[in-house]
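Participant: As input, take upload-v9.cif (mmCIF, C-alpha atoms):
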data_run
#
loop_
_atom_site.label_atom_id
_atom_site.label_comp_id
_atom_site.auth_asym_id
_atom_site.auth_seq_id
_atom_site.Cartn_x
_atom_site.Cartn_y
_atom_site.Cartn_z
CA MET A 221 29.08 -13.52 -18.99
CA ASP A 222 30.08 -14.93 -15.62
CA ASP A 223 27.67 -16.90 -13.48
CA LEU A 224 26.95 -14.08 -11.07
CA GLU A 225 26.17 -11.61 -13.83
CA PHE A 226 24.04 -14.25 -15.56
CA ARG A 227 22.10 -14.86 -12.36
CA ARG A 228 21.58 -11.15 -11.72
CA ARG A 229 20.25 -10.57 -15.21
CA LEU A 230 18.09 -13.67 -15.12
CA PHE A 231 16.51 -12.70 -11.81
CA ALA A 232 15.86 -9.21 -13.13
CA ASP A 233 14.18 -10.51 -16.28
CA PRO A 234 13.57 -14.25 -16.62
CA SER A 235 12.22 -13.87 -20.16
CA ASP A 236 15.36 -12.15 -21.49
CA GLN A 237 16.02 -13.88 -24.82
CA HIS A 238 19.78 -13.25 -24.74
CA LEU A 239 20.04 -15.24 -21.53
CA ALA A 240 17.99 -18.10 -22.96
CA ASP A 241 20.28 -18.19 -26.00
CA GLU A 242 23.41 -18.21 -23.89
CA ALA A 243 22.00 -20.98 -21.68
CA LYS A 244 21.65 -23.31 -24.67
CA GLN A 245 25.37 -24.01 -24.49
CA ASP A 246 25.45 -24.58 -20.75
CA PRO A 247 23.27 -27.22 -19.01
CA ALA A 248 23.73 -25.60 -15.57
CA LYS A 249 22.56 -22.21 -16.89
CA LYS A 250 19.75 -23.91 -18.76
CA ARG A 251 18.55 -25.51 -15.53
CA LEU A 252 18.69 -22.16 -13.75
CA VAL A 253 16.68 -20.48 -16.52
CA GLU A 254 14.01 -23.16 -16.28
CA GLU A 255 13.93 -22.93 -12.52
CA VAL A 256 13.52 -19.15 -12.50
CA GLN A 257 10.90 -19.31 -15.23
CA ASP A 258 8.94 -21.87 -13.21
CA PHE A 259 9.24 -19.61 -10.21
CA ASP A 260 7.90 -16.71 -12.25
CA ALA A 261 4.95 -18.81 -13.41
CA LEU A 262 4.17 -19.53 -9.76
CA LEU A 263 4.48 -15.82 -9.02
CA GLY A 264 2.23 -14.93 -11.93
CA ASP A 265 -0.45 -17.35 -10.76
CA ALA A 266 -0.31 -16.05 -7.21
CA LEU A 267 -0.80 -12.49 -8.45
CA LYS A 268 -3.88 -13.37 -10.50
CA VAL A 269 -6.48 -12.28 -7.98
CA PRO A 270 -10.09 -12.45 -9.20
CA VAL A 271 -11.37 -9.28 -10.86
CA PRO A 272 -14.70 -8.04 -9.43
CA GLU A 273 -17.69 -9.11 -11.46
CA GLY A 274 -19.11 -6.32 -13.56
CA LEU A 275 -16.03 -4.09 -13.35
CA GLN A 276 -15.78 -3.81 -17.11
CA ALA A 277 -19.47 -2.90 -17.40
CA LYS A 278 -19.02 -0.25 -14.70
CA LEU A 279 -16.04 1.24 -16.50
CA LEU A 280 -18.05 1.51 -19.69
CA ALA A 281 -21.12 2.91 -17.92
CA ASN A 282 -19.09 5.52 -16.02
CA ILE A 283 -18.24 7.42 -19.15
CA GLU A 284 -21.85 7.59 -20.24
CA ALA A 285 -22.72 9.18 -16.93
CA ASP A 286 -19.74 11.48 -17.34
CA GLU A 287 -20.60 12.30 -20.93
CA LYS A 288 -24.21 13.43 -20.51
CA PRO A 289 -23.62 16.87 -19.02
CA ALA A 290 -21.05 17.62 -21.71
CA THR A 291 -23.28 16.68 -24.64
CA HIS A 292 -26.40 18.34 -23.27
CA SER A 293 -24.94 21.55 -22.05
CA SER A 294 -28.38 23.15 -21.87
CA ASP A 295 -29.26 20.65 -19.17
CA ASN A 296 -26.19 21.54 -17.16
CA VAL A 297 -27.89 24.05 -14.99
CA VAL A 298 -30.62 21.65 -14.01
CA LYS A 299 -28.18 18.89 -13.17
CA LEU A 300 -25.86 20.95 -11.06
CA ALA A 301 -25.91 20.37 -7.34
CA TRP A 302 -28.40 22.69 -5.75
CA TYR A 303 -25.88 24.80 -3.93
CA ARG A 304 -24.03 25.51 -7.16
CA ARG A 305 -27.06 27.25 -8.52
CA PHE A 306 -26.55 30.00 -6.02
CA THR A 307 -23.04 31.06 -6.72
CA VAL A 308 -24.15 34.56 -7.61
CA PRO A 309 -26.61 35.00 -4.74
CA ILE A 310 -24.12 33.45 -2.33
CA ALA A 311 -21.40 35.78 -3.49
CA SER A 312 -23.67 38.76 -3.16
CA ALA A 313 -25.02 37.42 0.11
CA ALA A 314 -21.49 37.22 1.43
CA SER A 315 -20.81 40.83 0.58
CA VAL A 316 -24.18 41.74 1.97
CA ALA A 317 -23.42 39.86 5.16
CA LEU A 318 -20.29 41.94 5.51
CA ALA A 319 -22.21 45.13 4.77
CA VAL A 320 -24.88 44.16 7.28
CA MET A 321 -22.22 43.47 9.90
CA VAL A 322 -20.66 46.86 9.33
CA TYR A 323 -24.10 48.36 9.44
CA PHE A 324 -24.90 46.63 12.73
CA SER A 325 -21.64 47.66 14.27
CA THR A 326 -22.46 51.29 13.58
CA ALA A 327 -26.16 51.07 14.32
CA VAL A 328 -26.03 49.10 17.51
CA HIS A 329 -26.81 52.12 19.70
CA ALA A 330 -29.82 53.11 17.69
CA PRO A 331 -32.30 50.23 17.76
CA LEU A 332 -34.24 50.05 14.56
CA TYR A 333 -37.81 49.20 14.19
CA ALA A 334 -38.45 46.00 12.27
CA GLY A 335 -39.93 47.88 9.33
CA GLU A 336 -36.96 50.18 8.98
CA HIS A 337 -34.66 47.23 9.26
CA ALA A 338 -36.56 45.37 6.54
CA LEU A 339 -36.28 48.36 4.23
CA GLU A 340 -32.57 48.75 4.92
CA HIS A 341 -32.12 45.09 4.21
CA VAL A 342 -33.95 45.30 0.90
CA TYR A 343 -31.76 48.21 -0.15
CA TYR A 344 -28.63 46.35 0.86
CA GLU A 345 -29.62 43.51 -1.41
CA GLU A 346 -31.25 45.64 -4.03
CA SER A 347 -29.46 43.88 -6.89
CA ALA A 348 -31.18 40.65 -5.86
CA LEU A 349 -34.50 42.18 -6.92
CA LYS A 350 -33.29 42.06 -10.52
CA LEU A 351 -32.59 38.34 -10.56
CA ASN A 352 -34.99 36.37 -12.70
CA LYS A 353 -33.74 32.81 -12.72
CA GLU A 354 -36.16 30.54 -10.94
CA VAL A 355 -35.22 28.94 -7.67
CA ASN A 356 -37.04 25.65 -7.29
CA LEU A 357 -39.51 25.60 -4.42
CA GLN A 358 -37.84 22.43 -3.22
CA ILE A 359 -34.64 24.39 -2.70
CA VAL A 360 -36.55 27.03 -0.78
CA ASN A 361 -38.02 24.31 1.38
CA GLU A 362 -34.65 22.71 2.03
CA LYS A 363 -33.60 25.99 3.55
CA LEU A 364 -36.88 26.67 5.27
CA ALA A 365 -36.82 23.21 6.82
CA MET A 366 -33.81 24.36 8.81
CA LEU A 367 -36.06 26.91 10.46
CA GLY A 368 -38.77 24.26 10.87
CA GLY A 369 -41.13 25.45 8.15
CA LYS A 370 -42.45 24.45 4.76
CA LEU A 371 -44.10 26.39 1.95
CA GLU A 372 -46.76 24.76 -0.19
CA SER A 373 -46.37 27.41 -2.84
CA LEU A 374 -45.70 31.09 -3.33
CA PRO A 375 -47.82 33.42 -5.43
CA GLY A 376 -45.07 33.87 -8.01
CA LYS A 377 -41.76 32.55 -9.30
CA VAL A 378 -39.08 32.48 -6.59
CA THR A 379 -35.87 34.14 -7.78
CA TYR A 380 -33.86 34.46 -4.59
CA ALA A 381 -33.55 32.35 -1.49
CA THR A 382 -30.89 32.78 1.12
CA PHE A 383 -30.43 32.77 4.84
CA CYS A 384 -29.90 36.16 6.34
CA ASN A 385 -29.46 37.86 9.62
CA PHE A 386 -32.55 39.80 10.51
CA LYS A 387 -31.69 41.92 13.52
CA GLY A 388 -29.62 39.12 14.96
CA GLN A 389 -32.13 36.44 14.08
CA ARG A 390 -31.28 33.83 11.48
CA SER A 391 -34.03 34.05 8.94
CA LEU A 392 -34.89 33.22 5.37
CA HIS A 393 -34.81 35.94 2.75
CA LEU A 394 -36.86 35.19 -0.35
CA ILE A 395 -37.80 37.17 -3.41
CA PHE A 396 -40.61 36.09 -5.67
CA GLN A 397 -42.07 37.75 -8.73
CA SER A 398 -45.57 38.93 -7.85
CA ASP A 399 -48.03 40.48 -10.27
CA HIS A 400 -46.81 43.78 -8.88
CA GLY A 401 -43.13 43.15 -9.39
CA PRO A 402 -40.50 41.55 -7.16
CA MET A 403 -41.60 41.00 -3.60
CA THR A 404 -39.24 40.39 -0.73
CA VAL A 405 -40.23 37.96 2.00
CA PHE A 406 -38.40 37.68 5.30
CA ILE A 407 -39.39 34.68 7.35
CA VAL A 408 -38.09 35.41 10.81
CA PRO A 409 -38.51 32.77 13.52
CA SER A 410 -40.13 34.38 16.52
CA ASP A 411 -38.21 32.65 19.30
CA LYS A 412 -36.31 35.88 19.78
CA ASN A 413 -38.54 38.85 19.88
CA ASP A 414 -36.02 41.66 20.23
CA TYR A 415 -36.79 43.13 16.88
CA ARG A 416 -40.54 43.21 17.42
CA GLN A 417 -40.88 46.88 17.81
CA GLY A 418 -42.77 49.27 15.67
CA ASP A 419 -45.79 49.13 13.49
CA THR A 420 -46.89 46.25 11.32
CA GLU A 421 -47.17 48.57 8.32
CA PHE A 422 -44.29 50.65 7.10
CA ASN A 423 -43.10 52.38 3.97
CA ASP A 424 -40.70 54.86 2.48
CA SER A 425 -40.87 56.73 -0.79
CA ARG A 426 -40.33 53.61 -2.82
CA PHE A 427 -41.39 50.50 -0.92
CA SER A 428 -44.10 49.52 1.41
CA GLY A 429 -43.98 46.65 3.85
CA SER A 430 -46.10 44.66 6.19
CA ILE A 431 -45.35 42.41 9.11
CA ASN A 432 -47.49 39.43 9.98
CA LYS A 433 -46.69 38.28 13.49
CA GLY A 434 -47.10 34.54 13.68
CA ALA A 435 -46.79 31.98 16.44
CA ASN A 436 -43.72 30.36 14.89
CA ALA A 437 -42.36 33.13 12.74
CA ASP A 438 -43.06 36.57 11.51
CA THR A 439 -43.54 37.11 7.82
CA ILE A 440 -42.35 40.45 6.56
CA LEU A 441 -43.22 41.45 3.01
CA VAL A 442 -41.67 44.36 1.17
CA ALA A 443 -42.71 45.45 -2.31
CA LYS A 444 -43.06 48.64 -4.30
CA LEU A 445 -45.59 51.20 -3.10
CA GLY A 446 -49.17 50.38 -3.94
CA THR A 447 -48.83 46.62 -3.83
CA PRO A 448 -51.78 44.97 -2.01
CA LEU A 449 -49.60 43.47 0.70
CA GLU A 450 -52.48 42.25 2.80
CA LYS A 451 -53.62 39.90 0.03
CA TYR A 452 -50.10 38.53 -0.29
CA GLN A 453 -49.70 38.14 3.45
CA GLY A 454 -52.84 35.98 3.37
CA GLU A 455 -51.53 33.83 0.53
CA VAL A 456 -48.04 33.42 1.93
CA ASN A 457 -49.24 32.58 5.41
CA ASN A 458 -51.85 30.12 4.22
CA SER A 459 -49.11 28.32 2.35
CA LEU A 460 -46.63 28.38 5.23
CA GLN A 461 -46.66 25.38 7.55
CA TRP A 462 -44.64 24.70 10.67
CA LEU A 463 -43.63 21.37 12.07
CA MET B 183 -20.61 5.18 -31.09
CA THR B 184 -18.00 7.88 -31.49
CA GLN B 185 -14.36 7.20 -32.32
CA LYS B 186 -13.43 8.33 -28.84
CA GLN B 187 -15.81 5.84 -27.26
CA LYS B 188 -14.37 3.05 -29.38
CA ARG B 189 -10.87 3.90 -28.30
CA TYR B 190 -11.97 3.98 -24.70
CA GLU B 191 -13.75 0.64 -24.94
CA SER B 192 -10.74 -1.06 -26.39
CA LEU B 193 -8.53 0.35 -23.63
CA VAL B 194 -10.95 -1.01 -21.03
CA GLN B 195 -11.05 -4.41 -22.70
CA VAL B 196 -7.31 -4.73 -23.05
CA TYR B 197 -6.16 -3.32 -19.73
CA HIS B 198 -8.84 -3.44 -17.04
CA THR B 199 -7.97 -6.91 -15.71
CA GLU B 200 -4.26 -6.26 -15.36
CA LEU B 201 -4.80 -2.75 -14.03
CA TYR B 202 -7.16 -4.07 -11.37
CA ARG B 203 -4.64 -6.70 -10.30
CA PHE B 204 -1.84 -4.17 -10.23
CA ALA B 205 -4.03 -1.82 -8.16
CA TYR B 206 -4.96 -4.66 -5.85
CA TRP B 207 -1.36 -5.51 -5.07
CA LEU B 208 -0.45 -1.87 -4.80
CA CYS B 209 -3.08 -1.01 -2.20
CA GLN B 210 -3.89 -4.52 -0.94
CA ASP B 211 -7.59 -3.86 -0.68
CA PRO B 212 -10.12 -5.04 -3.28
CA THR B 213 -12.52 -2.12 -2.73
CA ILE B 214 -9.86 0.55 -2.96
CA ALA B 215 -8.40 -1.23 -5.99
CA GLU B 216 -11.75 -1.08 -7.75
CA ASP B 217 -12.14 2.61 -6.93
CA LEU B 218 -8.64 3.29 -8.21
CA VAL B 219 -9.33 1.55 -11.50
CA GLN B 220 -12.63 3.38 -11.96
CA GLU B 221 -11.04 6.73 -11.22
CA THR B 222 -8.12 5.92 -13.53
CA PHE B 223 -10.36 5.09 -16.48
CA LEU B 224 -12.56 8.11 -15.85
CA ARG B 225 -9.55 10.38 -15.93
CA ALA B 226 -8.26 8.57 -18.98
CA TRP B 227 -11.59 9.13 -20.71
CA ARG B 228 -11.57 12.84 -19.91
CA SER B 229 -8.12 13.32 -21.35
CA LEU B 230 -8.17 10.63 -24.00
CA ASP B 231 -7.24 13.16 -26.68
CA ALA B 232 -3.88 13.57 -24.95
CA LEU B 233 -3.03 9.95 -25.76
CA GLN B 234 -1.55 10.19 -29.23
CA ASP B 235 0.02 6.77 -29.53
CA GLU B 236 -1.87 3.62 -28.51
CA LYS B 237 1.44 1.92 -27.78
CA ALA B 238 1.93 4.33 -24.91
CA ALA B 239 -1.51 3.54 -23.46
CA LYS B 240 -0.33 1.06 -20.85
CA SER B 241 2.33 3.37 -19.38
CA TRP B 242 -0.12 6.25 -19.52
CA LEU B 243 -2.84 4.36 -17.63
CA LEU B 244 -0.33 3.13 -15.06
CA THR B 245 0.93 6.64 -14.49
CA ILE B 246 -2.62 7.86 -13.89
CA LEU B 247 -3.32 4.98 -11.53
CA ARG B 248 -0.15 5.49 -9.51
CA ARG B 249 -0.94 9.19 -9.20
CA GLU B 250 -4.45 8.37 -7.99
CA ASN B 251 -3.00 5.97 -5.46
CA ALA B 252 -0.59 8.63 -4.23
CA ARG B 253 -3.48 11.08 -3.85
CA ARG B 254 -5.17 8.57 -1.60
CA PHE B 255 -2.26 8.83 0.80
CA GLU B 256 -2.30 12.60 0.70
CA ARG B 257 -5.99 12.55 1.55
CA LYS B 258 -6.28 9.85 4.15
CA GLN B 259 -2.94 8.75 5.37
CA PHE B 260 -4.23 7.94 8.84
CA ASP B 261 -6.70 5.39 7.48
CA TYR B 262 -4.02 3.34 5.88
CA ALA B 263 -1.51 2.95 8.60
CA ASP B 264 0.89 0.09 8.42
CA VAL B 265 -1.60 -2.75 8.41
CA GLU B 266 -0.48 -4.20 5.12
CA ASN B 267 1.60 -6.97 6.51
CA ASP B 268 -1.21 -8.11 8.74
CA THR B 269 -4.04 -8.17 6.26
CA LEU B 270 -3.12 -11.31 4.43
CA VAL B 271 -1.59 -13.23 7.24
CA ASP B 272 -2.25 -16.87 6.74
CA THR B 273 -3.50 -18.44 9.91
CA LYS B 274 -3.55 -21.95 8.56
CA SER B 275 -0.63 -24.32 8.83
CA THR B 276 2.14 -23.90 6.30
CA ALA B 277 1.87 -27.34 4.77
CA LEU B 278 2.70 -26.66 1.17
CA ASP B 279 0.08 -28.25 -0.98
CA ASP B 280 -0.65 -26.36 -4.19
CA GLU B 281 -3.37 -24.17 -2.80
CA MET B 282 -1.37 -23.23 0.24
CA GLU B 283 1.66 -22.49 -1.84
CA GLN B 284 -0.16 -19.62 -3.55
CA THR B 285 -1.21 -18.14 -0.24
CA VAL B 286 2.35 -18.29 0.99
CA VAL B 287 3.67 -16.70 -2.18
CA GLN B 288 1.05 -13.95 -1.86
CA ARG B 289 2.04 -13.29 1.70
CA GLN B 290 5.69 -13.05 0.76
CA ILE B 291 4.87 -10.64 -2.08
CA ASN B 292 3.08 -8.45 0.43
CA GLN B 293 6.05 -8.46 2.70
CA LEU B 294 8.37 -7.14 0.01
CA ALA B 295 9.28 -3.50 0.49
CA SER B 296 7.24 -1.43 -1.96
CA GLU B 297 10.36 -0.28 -3.82
CA TYR B 298 10.89 -3.93 -4.78
CA ARG B 299 7.27 -4.97 -5.03
CA GLU B 300 6.18 -2.29 -7.44
CA PRO B 301 8.67 -2.95 -10.24
CA LEU B 302 7.98 -6.67 -9.87
CA LEU B 303 4.23 -6.10 -10.21
CA LEU B 304 4.79 -3.94 -13.27
CA GLN B 305 6.85 -6.67 -14.83
CA VAL B 306 4.84 -9.75 -13.89
CA VAL B 307 1.28 -8.41 -13.79
CA MET B 308 1.48 -5.69 -16.42
CA GLY B 309 4.12 -7.25 -18.65
CA CYS B 310 6.17 -4.06 -18.73
CA SER B 311 9.72 -4.04 -20.06
CA GLY B 312 12.61 -2.69 -18.03
CA ASP B 313 12.50 0.53 -20.04
CA GLU B 314 8.77 0.97 -19.45
CA ILE B 315 9.16 0.37 -15.72
CA ALA B 316 11.99 2.91 -15.60
CA GLU B 317 9.77 5.46 -17.32
CA ILE B 318 6.74 4.82 -15.11
CA LEU B 319 8.66 4.84 -11.85
CA GLU B 320 10.95 7.65 -13.01
CA LEU B 321 14.06 5.65 -12.21
CA ASN B 322 17.00 4.74 -14.36
CA LYS B 323 16.92 1.32 -15.92
CA ASN B 324 19.87 -0.05 -13.95
CA THR B 325 18.13 0.77 -10.70
CA VAL B 326 15.00 -0.96 -11.97
CA MET B 327 16.90 -4.10 -12.96
CA THR B 328 18.68 -4.21 -9.60
CA ARG B 329 15.39 -3.91 -7.76
CA LEU B 330 13.83 -6.65 -9.86
CA TYR B 331 16.77 -8.92 -9.12
CA ARG B 332 16.51 -8.20 -5.40
CA ALA B 333 12.75 -8.68 -5.39
CA ARG B 334 13.02 -12.18 -6.87
CA ASN B 335 16.01 -13.03 -4.78
CA GLN B 336 14.24 -12.05 -1.57
CA LEU B 337 11.11 -13.92 -2.57
CA LYS B 338 13.02 -17.07 -3.43
CA GLU B 339 14.94 -16.95 -0.18
CA ALA B 340 11.82 -16.33 1.87
CA LEU B 341 9.97 -19.16 0.17
CA THR B 342 12.89 -21.53 0.59
CA ASN B 343 12.92 -20.73 4.31
CA VAL B 344 9.18 -21.31 4.56
CA ASN B 345 9.58 -24.60 2.69
CA GLU B 346 12.35 -25.73 4.98
CA SER B 347 10.53 -24.80 8.16
CA ALA B 348 7.41 -26.56 6.86
CA LYS B 349 9.46 -29.66 6.16
CA GLY B 350 11.04 -29.35 9.57
CA ALA B 351 7.63 -29.06 11.17
CA SER B 352 6.38 -32.20 9.46
CA ASN B 353 9.40 -34.26 10.50
#
Would you put the structure from the file into structure tokens?

Facilitator:
Amino acid sequence: MDDLEFRRRLFADPSDQHLADEAKQDPAKKRLVEEVQDFDALLGDALKVPVPEGLQAKLLANIEADEKPATHSSDNVVKLAWYRRFTVPIASAASVALAVMVYFSTAVHAPLYAGEHALEHVYYEESALKLNKEVNLQIVNEKLAMLGGKLESLPGKVTYATFCNFKGQRSLHLIFQSDHGPMTVFIVPSDKNDYRQGDTEFNDSRFSGSINKGANADTILVAKLGTPLEKYQGEVNNSLQWL
Amino acid sequence: MTQKQKRYESLVQVYHTELYRFAYWLCQDPTIAEDLVQETFLRAWRSLDALQDEKAAKSWLLTILRRENARRFERKQFDYADVENDTLVDTKSTALDDEMEQTVVQRQINQLASEYREPLLLQVVMGCSGDEIAEILELNKNTVMTRLYRARNQLKEALTNVNESAKGASN
């Protein structure tokens, strides 16, 4: 091997045993090997930056955190981020939003009374009445906080909570399970009053509804015929607070 | 402890120091390096069953880490503009006592083009063979050996120049 080739190979890999063996016969090559190996030791030392304290412990702890959801799959639902719990309602809400938009675009010339609108809305989201998985009140309140309100409690398990468009007003659409079956609650902030036409009591052949006009928001309840809505209006409104 | 956990723990024990150092020199930021190593081991844990042969563990971990590092550039290229050569600039004089020598070497390593720096890091920090480096970087071995030669050659030249100018300055 000529000197140039020797040098190239040595610089590429100073610990190459073949080169060390060859250098035994040649003092000049031997010196070069030693020099490059010293240089590499210097390089190695310079590259040894301190490793952050506790990195190993973190690496071991990370997998425990990662492992828990997998080993306790029944807890998965509880540990999911809150917005993931609503994939079904969000999907249906999206289709409903589209339906409502189409509906508005056709109905714009015929202003609806609030009661009729509430009924239409309930029918549009009729499938939501069948949901029975509980939505934590905290989740409801996270949404309600965006309208400036807070609910202490509701007289029944909440099974649906989504924002909706109530006659052009961003409002909260809830469903809870009352003693008389699923009850829809629209909480409609009253800073726009366009929709406030019509009676406070309304019904069709299936549902009855009532509107409680409040200072901050109107509460519209819709449930099957024969439900004592007045009682529920009292309970919901006593529980509802505004900032 | 499960068998999988044992395997994972031994990988952490054996490789976390070198992987951190490799990550550090790759991204030149201790915080990002730590994130990279954590993400690498988390991904390794999730697909540990895919690692059949423990001998391949080092290359496997390095491949994951390099991919994570590349992702970082896809995500946030604008954050990591070309500041690398400025971050470790040594503002002290270049008198070469032992401590200073390391700083100078570090600065020169940072100034190597990444195509030369990365194979050198794999060899010196990770102890990879030429074949392993070729596999990890997806290059042929001759290219790897040429780059290693050039990396050392450039470093030696740069350090000789620094040495000479330091001597000159002290005269």

Participant: Can you give me, as a VMD selection string, the residues this file yields under the PyMOL selection byres ((chain A) within 12 of (chain B))?

Facilitator: chain A and resid 224 to 236 255 to 287 290

Participant: Please evaluate the PyMOL selection byres ((chain A and resi 342) around 10) against the displayed coordinates and give the resulting residues as a list in words.

Facilitator: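 Here the PyMOL selection byres ((chain A and resi 342) around 10) matches Glu336, His337, Ala338, Leu339, Glu340, His341, Tyr343, Tyr344, Glu345, Glu346, Ser347, Ala348, Leu349, His393, Ile395, Met403, Thr404, Val405, Phe406, Phe427, Val442 and Ala443 of chain A.
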
Participant: Enumerate, as a list of chain:residue names, the protein, DNA and RNA residues whose atoms approach (-46.6, 47.4, 8.0) to within 6 Å, taking into account all atoms listed in the file and the coordinate frame of the file.

Facilitator: A:Asp419, A:Thr420, A:Glu421, A:Phe422, A:Gly429, A:Ser430, A:Ile431

Participant: I would like the residues chosen by the PyMOL selection byres ((chain A and resi 400) around 9) on the shown file; could you give them as number ranges by chain?

Facilitator: A: 397-399, 401-403, 443-444, 446-448

Participant: Select, from A:Asp246, A:Asp241, A:Glu254, A:Glu455, the residue with the minimum atom-to-atom distance to Leu371 (chain A), counting all atoms listed in the file.

Facilitator: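 Ranking A:Asp246, A:Asp241, A:Glu254, A:Glu455 by distance to Leu371 (chain A), first place goes to A:Glu455.
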
Participant: Hey, can you check how far CA of Asn432 (chain A) sits from CA of Ala334 (chain A)?

Facilitator: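 Pair CA of Asn432 (chain A) / CA of Ala334 (chain A) returns 11.4 Å.
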
Participant: Calculate how many Å separate CA of Cys384 (chain A) from CA of Glu362 (chain A), rounding to one decimal.

Facilitator: 14.9 Å

Participant: Quick one: everything within 7 Å of Thr379 (chain A), counting all atoms listed in the file, minus sequence neighbours fewer than 4 positions away in the same chain. Send it as a list in words.

Facilitator: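 Contacts, with the query itself left out: Leu351, Asn352, Lys353, Glu354, Val355, Ile395 and Phe396 of chain A.
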
Participant: Between CA of Tyr452 (chain A) and CA of Asn385 (chain A), what is the distance, to one decimal in Å?

Facilitator: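 Atom-to-atom, CA of Tyr452 (chain A) to CA of Asn385 (chain A), that is 22.9 Å.
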
Participant: Around the point (-32.9, 30.3, 0.7) in the file's coordinates, collect all residues with an atom within 8 Å, using only C-alpha atoms, and return them as a list in words.

Facilitator: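 The requested residues, written out, are Ile359, Val360, Asn361, Glu362, Lys363, Leu364, Tyr380, Ala381, Thr382, Phe383, Leu392, His393 and Leu394 of chain A.
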
Participant: Counting only C-alpha atoms, what is within 10 Å of Val408 (chain A), bar same-chain residues fewer than 3 positions away, as a PyMOL selection string?

Facilitator: chain A and resi 367+384-387+389-393+405+411-413+415+433-434+436-440

Participant: With all atoms listed in the file as the atoms that count, which of B:Val344, B:Leu244, B:Ala232, B:Leu218 lies nearest to Leu304 (chain B)?

Facilitator: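 Of B:Val344, B:Leu244, B:Ala232, B:Leu218, the one nearest Leu304 (chain B), counting all atoms listed in the file, is B:Leu244.
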